[in-house]
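Reproduced below: structure.txt, with compact mmCIF, N, CA, C and O atoms.
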# COMPACT_ATOMS: atom_id res chain seq x y z
N MET A 3 175.02 106.53 35.80
CA MET A 3 174.67 105.45 36.69
C MET A 3 173.52 105.85 37.61
O MET A 3 172.63 105.06 37.87
N ASP A 4 173.56 107.10 38.09
CA ASP A 4 172.50 107.57 38.98
C ASP A 4 171.13 107.52 38.30
O ASP A 4 170.13 107.20 38.94
N ARG A 5 171.10 107.84 37.01
CA ARG A 5 169.84 107.81 36.27
C ARG A 5 169.30 106.39 36.19
O ARG A 5 168.10 106.16 36.31
N TYR A 6 170.19 105.46 35.93
CA TYR A 6 169.78 104.05 35.86
C TYR A 6 169.19 103.59 37.19
O TYR A 6 168.14 102.95 37.22
N VAL A 7 169.84 103.96 38.28
CA VAL A 7 169.36 103.58 39.61
C VAL A 7 168.01 104.23 39.88
O VAL A 7 167.09 103.57 40.39
N ALA A 8 167.86 105.49 39.52
CA ALA A 8 166.58 106.19 39.75
C ALA A 8 165.47 105.52 38.96
O ALA A 8 164.37 105.28 39.48
N ARG A 9 165.74 105.16 37.71
CA ARG A 9 164.72 104.48 36.89
C ARG A 9 164.37 103.12 37.47
O ARG A 9 163.20 102.75 37.52
N ALA A 10 165.38 102.39 37.89
CA ALA A 10 165.14 101.07 38.50
C ALA A 10 164.33 101.22 39.78
O ALA A 10 163.41 100.43 40.03
N ASN A 11 164.64 102.23 40.58
CA ASN A 11 163.89 102.46 41.80
C ASN A 11 162.44 102.82 41.50
O ASN A 11 161.51 102.36 42.18
N ILE A 12 162.23 103.65 40.48
CA ILE A 12 160.86 104.03 40.10
C ILE A 12 160.07 102.79 39.72
O ILE A 12 158.94 102.59 40.20
N ASP A 13 160.64 101.94 38.89
CA ASP A 13 159.96 100.70 38.50
C ASP A 13 159.68 99.82 39.72
O ASP A 13 158.59 99.25 39.85
N HIS A 14 160.64 99.75 40.62
CA HIS A 14 160.47 98.95 41.84
C HIS A 14 159.31 99.50 42.69
O HIS A 14 158.44 98.74 43.13
N TYR A 15 159.29 100.80 42.89
CA TYR A 15 158.22 101.40 43.70
C TYR A 15 156.86 101.26 43.03
O TYR A 15 155.85 101.02 43.71
N LEU A 16 156.82 101.39 41.71
CA LEU A 16 155.54 101.21 41.00
C LEU A 16 155.04 99.78 41.17
O LEU A 16 153.83 99.56 41.33
N ASN A 17 155.94 98.82 41.14
CA ASN A 17 155.53 97.42 41.36
C ASN A 17 155.01 97.20 42.77
O ASN A 17 154.03 96.49 42.97
N ILE A 18 155.65 97.80 43.74
CA ILE A 18 155.18 97.68 45.13
C ILE A 18 153.77 98.26 45.24
O ILE A 18 152.89 97.69 45.89
N LEU A 19 153.53 99.39 44.58
CA LEU A 19 152.24 100.06 44.68
C LEU A 19 151.10 99.30 44.02
O LEU A 19 149.94 99.60 44.23
N LYS A 20 151.42 98.30 43.22
CA LYS A 20 150.38 97.47 42.59
C LYS A 20 149.79 96.45 43.56
O LYS A 20 148.74 95.88 43.28
N ASP A 21 150.44 96.23 44.68
CA ASP A 21 149.99 95.23 45.65
C ASP A 21 148.68 95.68 46.29
O ASP A 21 148.61 96.71 46.95
N ARG A 22 147.64 94.88 46.10
CA ARG A 22 146.31 95.20 46.65
C ARG A 22 146.29 95.13 48.17
O ARG A 22 145.42 95.71 48.81
N ASN A 23 147.22 94.41 48.77
CA ASN A 23 147.25 94.22 50.22
C ASN A 23 148.25 95.13 50.91
O ASN A 23 148.57 94.91 52.08
N LEU A 24 148.71 96.13 50.23
CA LEU A 24 149.68 97.06 50.79
C LEU A 24 149.05 97.86 51.93
O LEU A 24 147.95 98.38 51.78
N THR A 25 149.75 97.93 53.04
CA THR A 25 149.23 98.69 54.18
C THR A 25 149.28 100.19 53.86
O THR A 25 150.08 100.63 53.02
N ALA A 26 148.47 100.95 54.53
CA ALA A 26 148.44 102.39 54.32
C ALA A 26 149.80 103.02 54.62
O ALA A 26 150.27 103.90 53.89
N GLN A 27 150.45 102.56 55.67
CA GLN A 27 151.76 103.09 56.04
C GLN A 27 152.80 102.80 54.97
O GLN A 27 153.55 103.68 54.56
N ARG A 28 152.82 101.56 54.49
CA ARG A 28 153.80 101.18 53.46
C ARG A 28 153.49 101.91 52.15
O ARG A 28 154.41 102.33 51.44
N ARG A 29 152.22 102.07 51.83
CA ARG A 29 151.84 102.81 50.62
C ARG A 29 152.33 104.25 50.71
O ARG A 29 152.92 104.78 49.76
N SER A 30 152.11 104.87 51.83
CA SER A 30 152.53 106.26 52.02
C SER A 30 154.05 106.40 51.89
O SER A 30 154.54 107.31 51.22
N THR A 31 154.78 105.49 52.51
CA THR A 31 156.24 105.52 52.44
C THR A 31 156.71 105.30 51.01
O THR A 31 157.61 106.00 50.52
N THR A 32 156.11 104.34 50.32
CA THR A 32 156.50 104.03 48.95
C THR A 32 156.21 105.20 48.02
O THR A 32 157.02 105.52 47.15
N ILE A 33 155.09 105.86 48.21
CA ILE A 33 154.76 107.03 47.38
C ILE A 33 155.77 108.14 47.61
O ILE A 33 156.22 108.79 46.66
N ALA A 34 156.17 108.35 48.85
CA ALA A 34 157.17 109.37 49.15
C ALA A 34 158.50 109.04 48.46
O ALA A 34 159.15 109.93 47.88
N LEU A 35 158.88 107.77 48.50
CA LEU A 35 160.12 107.35 47.83
C LEU A 35 160.01 107.50 46.31
O LEU A 35 160.95 107.93 45.65
N LEU A 36 158.84 107.17 45.77
CA LEU A 36 158.61 107.31 44.34
C LEU A 36 158.74 108.76 43.91
O LEU A 36 159.41 109.08 42.92
N ILE A 37 158.12 109.65 44.65
CA ILE A 37 158.19 111.08 44.33
C ILE A 37 159.63 111.57 44.37
O ILE A 37 160.07 112.34 43.50
N ALA A 38 160.39 111.12 45.35
CA ALA A 38 161.80 111.53 45.45
C ALA A 38 162.59 111.07 44.23
O ALA A 38 163.42 111.82 43.69
N GLU A 39 162.33 109.85 43.75
CA GLU A 39 163.03 109.35 42.57
C GLU A 39 162.58 110.09 41.31
O GLU A 39 163.41 110.41 40.45
N LEU A 40 161.30 110.37 41.19
CA LEU A 40 160.82 111.15 40.04
C LEU A 40 161.46 112.54 40.03
O LEU A 40 161.84 113.04 38.97
N ASP A 41 161.60 113.13 41.20
CA ASP A 41 162.23 114.45 41.29
C ASP A 41 163.67 114.41 40.81
O ASP A 41 164.15 115.37 40.20
N LYS A 42 164.36 113.31 41.05
CA LYS A 42 165.75 113.19 40.58
C LYS A 42 165.81 113.22 39.05
O LYS A 42 166.75 113.75 38.48
N LEU A 43 164.81 112.64 38.41
CA LEU A 43 164.80 112.59 36.95
C LEU A 43 164.21 113.85 36.32
O LEU A 43 164.37 114.07 35.12
N SER A 44 163.53 114.65 37.10
CA SER A 44 162.82 115.79 36.54
C SER A 44 163.75 116.88 36.02
O SER A 44 163.30 117.80 35.34
N GLU A 45 165.01 116.77 36.31
CA GLU A 45 165.97 117.77 35.84
C GLU A 45 166.41 117.52 34.40
O GLU A 45 167.03 118.36 33.79
N ASP A 46 166.09 116.35 33.87
CA ASP A 46 166.61 115.98 32.56
C ASP A 46 165.46 115.51 31.67
O ASP A 46 164.83 114.49 31.95
N VAL A 47 165.19 116.22 30.59
CA VAL A 47 164.06 115.91 29.73
C VAL A 47 164.24 114.62 28.94
O VAL A 47 163.28 114.12 28.36
N GLU A 48 165.43 114.05 28.94
CA GLU A 48 165.63 112.79 28.22
C GLU A 48 164.82 111.66 28.86
O GLU A 48 164.65 110.61 28.26
N HIS A 49 164.29 111.88 30.01
CA HIS A 49 163.51 110.86 30.71
C HIS A 49 162.04 110.88 30.33
O HIS A 49 161.26 110.09 30.85
N LEU A 50 161.67 111.75 29.41
CA LEU A 50 160.27 111.85 29.02
C LEU A 50 159.76 110.55 28.42
O LEU A 50 158.67 110.09 28.76
N GLU A 51 160.53 109.94 27.54
CA GLU A 51 160.09 108.68 26.94
C GLU A 51 159.90 107.60 28.01
O GLU A 51 158.90 106.87 27.98
N PHE A 52 160.82 107.52 28.94
CA PHE A 52 160.70 106.58 30.06
C PHE A 52 159.37 106.81 30.80
O PHE A 52 158.63 105.87 31.06
N ALA A 53 159.08 108.06 31.10
CA ALA A 53 157.86 108.40 31.84
C ALA A 53 156.62 108.11 31.01
O ALA A 53 155.62 107.60 31.53
N GLU A 54 156.67 108.40 29.72
CA GLU A 54 155.50 108.16 28.88
C GLU A 54 155.19 106.67 28.74
O GLU A 54 154.02 106.28 28.68
N ILE A 55 156.21 105.84 28.72
CA ILE A 55 155.99 104.39 28.70
C ILE A 55 155.31 103.96 29.99
O ILE A 55 154.36 103.16 29.96
N ARG A 56 155.75 104.50 31.11
CA ARG A 56 155.13 104.16 32.40
C ARG A 56 153.68 104.63 32.46
O ARG A 56 152.82 103.97 33.03
N ILE A 57 153.40 105.77 31.83
CA ILE A 57 152.02 106.28 31.76
C ILE A 57 151.14 105.31 30.98
O ILE A 57 150.01 105.01 31.37
N GLY A 58 151.65 104.81 29.87
CA GLY A 58 150.88 103.84 29.07
C GLY A 58 150.59 102.57 29.86
O GLY A 58 149.47 102.05 29.81
N ILE A 59 151.58 102.09 30.58
CA ILE A 59 151.39 100.90 31.42
C ILE A 59 150.35 101.19 32.49
O ILE A 59 149.46 100.37 32.76
N SER A 60 150.44 102.37 33.07
CA SER A 60 149.51 102.78 34.12
C SER A 60 148.07 102.82 33.58
O SER A 60 147.14 102.37 34.25
N ARG A 61 147.90 103.33 32.38
CA ARG A 61 146.55 103.36 31.78
C ARG A 61 145.98 101.95 31.63
O ARG A 61 144.81 101.71 31.89
N GLN A 62 146.83 101.02 31.19
CA GLN A 62 146.39 99.63 31.04
C GLN A 62 146.01 99.03 32.39
O GLN A 62 144.99 98.32 32.49
N GLU A 63 146.79 99.30 33.41
CA GLU A 63 146.50 98.77 34.74
C GLU A 63 145.18 99.33 35.28
O GLU A 63 144.40 98.61 35.91
N ILE A 64 144.92 100.60 35.01
CA ILE A 64 143.67 101.21 35.43
C ILE A 64 142.49 100.55 34.72
O ILE A 64 141.47 100.23 35.34
N ALA A 65 142.63 100.33 33.43
CA ALA A 65 141.56 99.68 32.66
C ALA A 65 141.30 98.27 33.19
O ALA A 65 140.14 97.86 33.34
N GLN A 66 142.35 97.54 33.51
CA GLN A 66 142.19 96.19 34.05
C GLN A 66 141.53 96.22 35.43
O GLN A 66 140.64 95.42 35.72
N ALA A 67 141.96 97.16 36.27
CA ALA A 67 141.37 97.28 37.61
C ALA A 67 139.90 97.69 37.52
O ALA A 67 139.07 97.20 38.29
N ARG A 68 139.58 98.56 36.59
CA ARG A 68 138.18 98.98 36.40
C ARG A 68 137.34 97.78 35.95
O ARG A 68 136.23 97.58 36.44
N ALA A 69 137.88 96.99 35.04
CA ALA A 69 137.15 95.81 34.55
C ALA A 69 136.95 94.81 35.68
O ALA A 69 135.86 94.23 35.82
N ARG A 70 137.97 94.61 36.50
CA ARG A 70 137.83 93.69 37.66
C ARG A 70 136.78 94.21 38.64
O ARG A 70 135.95 93.46 39.14
N ARG A 71 136.84 95.51 38.91
CA ARG A 71 135.86 96.11 39.82
C ARG A 71 134.45 95.92 39.30
O ARG A 71 133.52 95.61 40.05
N ASP A 72 134.28 96.06 38.00
CA ASP A 72 132.95 95.98 37.41
C ASP A 72 132.38 94.56 37.41
O ASP A 72 131.18 94.39 37.18
N THR A 73 133.21 93.58 37.69
CA THR A 73 132.72 92.19 37.77
C THR A 73 132.23 91.84 39.16
O THR A 73 131.64 90.78 39.35
N VAL A 74 132.46 92.72 40.13
CA VAL A 74 132.11 92.45 41.53
C VAL A 74 130.79 93.13 41.86
O VAL A 74 130.52 94.26 41.44
N SER A 75 129.97 92.45 42.62
CA SER A 75 128.64 92.96 42.99
C SER A 75 128.74 94.21 43.85
O SER A 75 129.59 94.32 44.74
N PHE A 76 127.81 95.14 43.60
CA PHE A 76 127.71 96.35 44.41
C PHE A 76 127.38 95.98 45.86
O PHE A 76 126.68 95.01 46.12
N GLY A 77 127.88 96.79 46.79
CA GLY A 77 127.55 96.64 48.19
C GLY A 77 128.33 95.56 48.91
O GLY A 77 128.06 95.28 50.08
N THR A 78 129.32 94.97 48.26
CA THR A 78 130.11 93.92 48.90
C THR A 78 131.47 94.49 49.31
O THR A 78 131.93 95.51 48.77
N SER A 79 132.12 93.83 50.24
CA SER A 79 133.45 94.27 50.65
C SER A 79 134.46 94.10 49.51
O SER A 79 135.40 94.88 49.38
N ASP A 80 134.23 93.08 48.68
CA ASP A 80 135.11 92.90 47.52
C ASP A 80 135.01 94.09 46.56
O ASP A 80 136.01 94.53 45.99
N ARG A 81 133.80 94.59 46.39
CA ARG A 81 133.59 95.76 45.52
C ARG A 81 134.29 96.97 46.12
O ARG A 81 134.95 97.74 45.41
N ASP A 82 134.14 97.16 47.42
CA ASP A 82 134.80 98.28 48.10
C ASP A 82 136.32 98.19 47.94
O ASP A 82 136.98 99.19 47.66
N ASP A 83 136.88 96.99 48.12
CA ASP A 83 138.32 96.79 47.96
C ASP A 83 138.76 97.08 46.54
O ASP A 83 139.79 97.72 46.31
N ALA A 84 137.99 96.60 45.57
CA ALA A 84 138.32 96.83 44.17
C ALA A 84 138.25 98.32 43.84
O ALA A 84 139.09 98.84 43.09
N GLU A 85 137.28 99.01 44.40
CA GLU A 85 137.14 100.45 44.17
C GLU A 85 138.32 101.21 44.79
O GLU A 85 138.90 102.11 44.16
N LYS A 86 138.72 100.85 45.99
CA LYS A 86 139.87 101.49 46.64
C LYS A 86 141.15 101.26 45.83
O LYS A 86 141.96 102.18 45.67
N HIS A 87 141.31 100.05 45.33
CA HIS A 87 142.49 99.74 44.53
C HIS A 87 142.50 100.57 43.24
O HIS A 87 143.54 101.12 42.85
N LEU A 88 141.36 100.68 42.60
CA LEU A 88 141.25 101.48 41.38
C LEU A 88 141.60 102.94 41.67
O LEU A 88 142.36 103.56 40.92
N ILE A 89 141.06 103.48 42.72
CA ILE A 89 141.35 104.87 43.08
C ILE A 89 142.84 105.05 43.35
O ILE A 89 143.44 106.04 42.91
N HIS A 90 143.43 104.09 44.02
CA HIS A 90 144.87 104.17 44.30
C HIS A 90 145.66 104.18 42.99
O HIS A 90 146.57 105.01 42.81
N LEU A 91 145.33 103.29 42.06
CA LEU A 91 146.02 103.25 40.77
C LEU A 91 145.84 104.56 40.00
O LEU A 91 146.78 105.05 39.37
N GLU A 92 144.65 105.13 40.08
CA GLU A 92 144.40 106.41 39.42
C GLU A 92 145.25 107.52 40.04
O GLU A 92 145.75 108.40 39.32
N ASN A 93 145.43 107.49 41.35
CA ASN A 93 146.26 108.50 42.02
C ASN A 93 147.73 108.37 41.61
O ASN A 93 148.40 109.39 41.38
N VAL A 94 148.22 107.14 41.52
CA VAL A 94 149.60 106.93 41.08
C VAL A 94 149.74 107.42 39.63
O VAL A 94 150.72 108.07 39.27
N HIS A 95 148.74 107.13 38.81
CA HIS A 95 148.75 107.58 37.41
C HIS A 95 148.83 109.11 37.35
O HIS A 95 149.57 109.66 36.52
N THR A 96 148.10 109.76 38.19
CA THR A 96 148.12 111.23 38.23
C THR A 96 149.52 111.75 38.55
O THR A 96 149.98 112.72 37.93
N MET A 97 150.19 111.10 39.49
CA MET A 97 151.56 111.51 39.81
C MET A 97 152.48 111.36 38.59
O MET A 97 153.27 112.25 38.29
N LEU A 98 152.36 110.23 37.91
CA LEU A 98 153.18 110.01 36.72
C LEU A 98 152.84 111.00 35.61
O LEU A 98 153.74 111.52 34.94
N ASP A 99 151.56 111.28 35.46
CA ASP A 99 151.13 112.23 34.44
C ASP A 99 151.67 113.63 34.75
O ASP A 99 152.13 114.34 33.85
N ASP A 100 151.64 114.03 36.01
CA ASP A 100 152.19 115.33 36.40
C ASP A 100 153.68 115.41 36.08
O ASP A 100 154.17 116.44 35.61
N PHE A 101 154.39 114.32 36.34
CA PHE A 101 155.81 114.25 36.03
C PHE A 101 156.04 114.47 34.54
O PHE A 101 156.90 115.24 34.13
N CYS A 102 155.25 113.80 33.70
CA CYS A 102 155.35 113.96 32.25
C CYS A 102 155.08 115.40 31.84
O CYS A 102 155.78 115.96 30.98
N HIS A 103 154.08 116.01 32.42
CA HIS A 103 153.74 117.40 32.08
C HIS A 103 154.90 118.33 32.41
O HIS A 103 155.21 119.25 31.64
N ARG A 104 155.54 118.10 33.55
CA ARG A 104 156.69 118.94 33.93
C ARG A 104 157.82 118.80 32.90
O ARG A 104 158.43 119.79 32.51
N LEU A 105 158.08 117.56 32.47
CA LEU A 105 159.13 117.35 31.49
C LEU A 105 158.76 117.97 30.14
O LEU A 105 159.61 118.59 29.48
N ARG A 106 157.51 117.82 29.74
CA ARG A 106 157.07 118.44 28.47
C ARG A 106 157.20 119.95 28.53
O ARG A 106 157.57 120.59 27.54
N HIS A 107 156.86 120.52 29.68
CA HIS A 107 156.97 121.97 29.85
C HIS A 107 158.43 122.41 29.70
O HIS A 107 158.71 123.44 29.07
N LYS A 108 159.35 121.63 30.25
CA LYS A 108 160.77 121.97 30.12
C LYS A 108 161.20 121.94 28.66
O LYS A 108 161.97 122.79 28.22
N ILE A 109 160.70 120.97 27.92
CA ILE A 109 161.05 120.89 26.50
C ILE A 109 160.50 122.10 25.75
O ILE A 109 161.17 122.72 24.95
N GLY A 110 159.25 122.46 26.06
CA GLY A 110 158.61 123.60 25.41
C GLY A 110 159.21 124.92 25.77
O GLY A 110 159.12 125.89 25.00
N SER A 111 159.83 125.03 26.91
CA SER A 111 160.37 126.31 27.36
C SER A 111 161.86 126.46 27.04
O SER A 111 162.45 127.48 27.37
N ARG A 112 162.44 125.46 26.39
CA ARG A 112 163.85 125.57 26.00
C ARG A 112 163.99 126.58 24.87
O ARG A 112 163.16 126.66 23.97
N PRO A 113 165.08 127.36 24.91
CA PRO A 113 165.33 128.29 23.80
C PRO A 113 165.60 127.53 22.51
O PRO A 113 166.21 126.48 22.52
N ALA A 114 165.12 128.07 21.42
CA ALA A 114 165.29 127.42 20.12
C ALA A 114 166.69 127.56 19.58
O ALA A 114 167.47 128.31 19.91
Could I get this structure in the form of structure tokens?
Amino acid sequence: MDRYVARANIDHYLNILKDRNLTAQRRSTTIALLIAELDKLSEDVEHLEFAEIRIGISRQEIAQARARRDTVSFGTSDRDDAEKHLIHLENVHTMLDDFCHRLRHKIGSRPA
């Protein structure tokens, strides 16, 4: 049951982090909560598939954000906002990718 709750919380926090209007304080708090939930799952390699699916979704979101950014004129506040949002999504992706690497390392270091 705890695993299910941790996965649900991770999905919830990832959805919150997609909000372009998220305040810096709320973003920081949400990232801390996300990291805590990822840490709960990091003890069990069975969560690798879950994490890899989230990585794929994250890649798609980054591509969409990059495409949106590229439609906005340089030097505008909209461009700056789009760039900040893209950077934020890339940072979240990095956290998820690090989580996957830790799980893969655990699989690779298991005795045969």
Top pick for closest residue to Asp13 in chain A, considering A:Arg28, A:Gln66, A:Leu36, A:Glu92 and counting all atoms listed in the file: A:Leu36
Non-local contacts of Ala84 in chain A (12 Å; only C-alpha atoms; under 2 positions in same chain excluded) as a PyMOL selection string: chain A and resi 21-23+64+66-82+86-91
Selection file, N, CA, C and O atoms, as a tab-separated table (two decimals), in the frame of the given file:
chain	number	residue	atom	x	y	z
A	21	ASP	N	150.44	96.23	44.68
A	21	ASP	CA	149.99	95.23	45.65
A	21	ASP	C	148.68	95.68	46.29
A	21	ASP	O	148.61	96.71	46.95
A	22	ARG	N	147.64	94.88	46.10
A	22	ARG	CA	146.31	95.20	46.65
A	22	ARG	C	146.29	95.13	48.17
A	22	ARG	O	145.42	95.71	48.81
A	23	ASN	N	147.22	94.41	48.77
A	23	ASN	CA	147.25	94.22	50.22
A	23	ASN	C	148.25	95.13	50.91
A	23	ASN	O	148.57	94.91	52.08
A	64	ILE	N	144.92	100.60	35.01
A	64	ILE	CA	143.67	101.21	35.43
A	64	ILE	C	142.49	100.55	34.72
A	64	ILE	O	141.47	100.23	35.34
A	66	GLN	N	142.35	97.54	33.51
A	66	GLN	CA	142.19	96.19	34.05
A	66	GLN	C	141.53	96.22	35.43
A	66	GLN	O	140.64	95.42	35.72
A	67	ALA	N	141.96	97.16	36.27
A	67	ALA	CA	141.37	97.28	37.61
A	67	ALA	C	139.90	97.69	37.52
A	67	ALA	O	139.07	97.20	38.29
A	68	ARG	N	139.58	98.56	36.59
A	68	ARG	CA	138.18	98.98	36.40
A	68	ARG	C	137.34	97.78	35.95
A	68	ARG	O	136.23	97.58	36.44
A	69	ALA	N	137.88	96.99	35.04
A	69	ALA	CA	137.15	95.81	34.55
A	69	ALA	C	136.95	94.81	35.68
A	69	ALA	O	135.86	94.23	35.82
A	70	ARG	N	137.97	94.61	36.50
A	70	ARG	CA	137.83	93.69	37.66
A	70	ARG	C	136.78	94.21	38.64
A	70	ARG	O	135.95	93.46	39.14
A	71	ARG	N	136.84	95.51	38.91
A	71	ARG	CA	135.86	96.11	39.82
A	71	ARG	C	134.45	95.92	39.30
A	71	ARG	O	133.52	95.61	40.05
A	72	ASP	N	134.28	96.06	38.00
A	72	ASP	CA	132.95	95.98	37.41
A	72	ASP	C	132.38	94.56	37.41
A	72	ASP	O	131.18	94.39	37.18
A	73	THR	N	133.21	93.58	37.69
A	73	THR	CA	132.72	92.19	37.77
A	73	THR	C	132.23	91.84	39.16
A	73	THR	O	131.64	90.78	39.35
A	74	VAL	N	132.46	92.72	40.13
A	74	VAL	CA	132.11	92.45	41.53
A	74	VAL	C	130.79	93.13	41.86
A	74	VAL	O	130.52	94.26	41.44
A	75	SER	N	129.97	92.45	42.62
A	75	SER	CA	128.64	92.96	42.99
A	75	SER	C	128.74	94.21	43.85
A	75	SER	O	129.59	94.32	44.74
A	76	PHE	N	127.81	95.14	43.60
A	76	PHE	CA	127.71	96.35	44.41
A	76	PHE	C	127.38	95.98	45.86
A	76	PHE	O	126.68	95.01	46.12
A	77	GLY	N	127.88	96.79	46.79
A	77	GLY	CA	127.55	96.64	48.19
A	77	GLY	C	128.33	95.56	48.91
A	77	GLY	O	128.06	95.28	50.08
A	78	THR	N	129.32	94.97	48.26
A	78	THR	CA	130.11	93.92	48.90
A	78	THR	C	131.47	94.49	49.31
A	78	THR	O	131.93	95.51	48.77
A	79	SER	N	132.12	93.83	50.24
A	79	SER	CA	133.45	94.27	50.65
A	79	SER	C	134.46	94.10	49.51
A	79	SER	O	135.40	94.88	49.38
A	80	ASP	N	134.23	93.08	48.68
A	80	ASP	CA	135.11	92.90	47.52
A	80	ASP	C	135.01	94.09	46.56
A	80	ASP	O	136.01	94.53	45.99
A	81	ARG	N	133.80	94.59	46.39
A	81	ARG	CA	133.59	95.76	45.52
A	81	ARG	C	134.29	96.97	46.12
A	81	ARG	O	134.95	97.74	45.41
A	82	ASP	N	134.14	97.16	47.42
A	82	ASP	CA	134.80	98.28	48.10
A	82	ASP	C	136.32	98.19	47.94
A	82	ASP	O	136.98	99.19	47.66
A	86	LYS	N	138.72	100.85	45.99
A	86	LYS	CA	139.87	101.49	46.64
A	86	LYS	C	141.15	101.26	45.83
A	86	LYS	O	141.96	102.18	45.67
A	87	HIS	N	141.31	100.05	45.33
A	87	HIS	CA	142.49	99.74	44.53
A	87	HIS	C	142.50	100.57	43.24
A	87	HIS	O	143.54	101.12	42.85
A	88	LEU	N	141.36	100.68	42.60
A	88	LEU	CA	141.25	101.48	41.38
A	88	LEU	C	141.60	102.94	41.67
A	88	LEU	O	142.36	103.56	40.92
A	89	ILE	N	141.06	103.48	42.72
A	89	ILE	CA	141.35	104.87	43.08
A	89	ILE	C	142.84	105.05	43.35
A	89	ILE	O	143.44	106.04	42.91
A	90	HIS	N	143.43	104.09	44.02
A	90	HIS	CA	144.87	104.17	44.30
A	90	HIS	C	145.66	104.18	42.99
A	90	HIS	O	146.57	105.01	42.81
A	91	LEU	N	145.33	103.29	42.06
A	91	LEU	CA	146.02	103.25	40.77
A	91	LEU	C	145.84	104.56	40.00
A	91	LEU	O	146.78	105.05	39.37
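If all atoms listed in the file are the atoms counted, then among A:Ala53, A:Ile18, A:Ile59, A:Ile33 the closest residue to Leu98 in chain A is A:Ala53.
The interatomic distance for the pair atom C of Ala65 in chain A and atom N of Ala10 in chain A works out to 24.9 Å.
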Given only N, CA, C and O atoms as the counted atoms, nearest of A:His107, A:His95, A:Lys20, A:Arg5 to Ile57 in chain A: A:His95
Pairwise distance for CA of Ala34 in chain A and CA of Glu54 in chain A, rounded to one decimal in Å: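 Atom-to-atom, CA of Ala34 in chain A and CA of Glu54 in chain A are spaced 20.4 Å apart.
Computed from the coordinates, the CA of Ser44 in chain A to atom C of Asn11 in chain A distance equals 13.9 Å.
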Helix (DSSP H, G or I) per DSSP on the backbone: members of chain A, as an MDAnalysis selection string: chainID A and resid 4:19 26:43 47:72 79:110
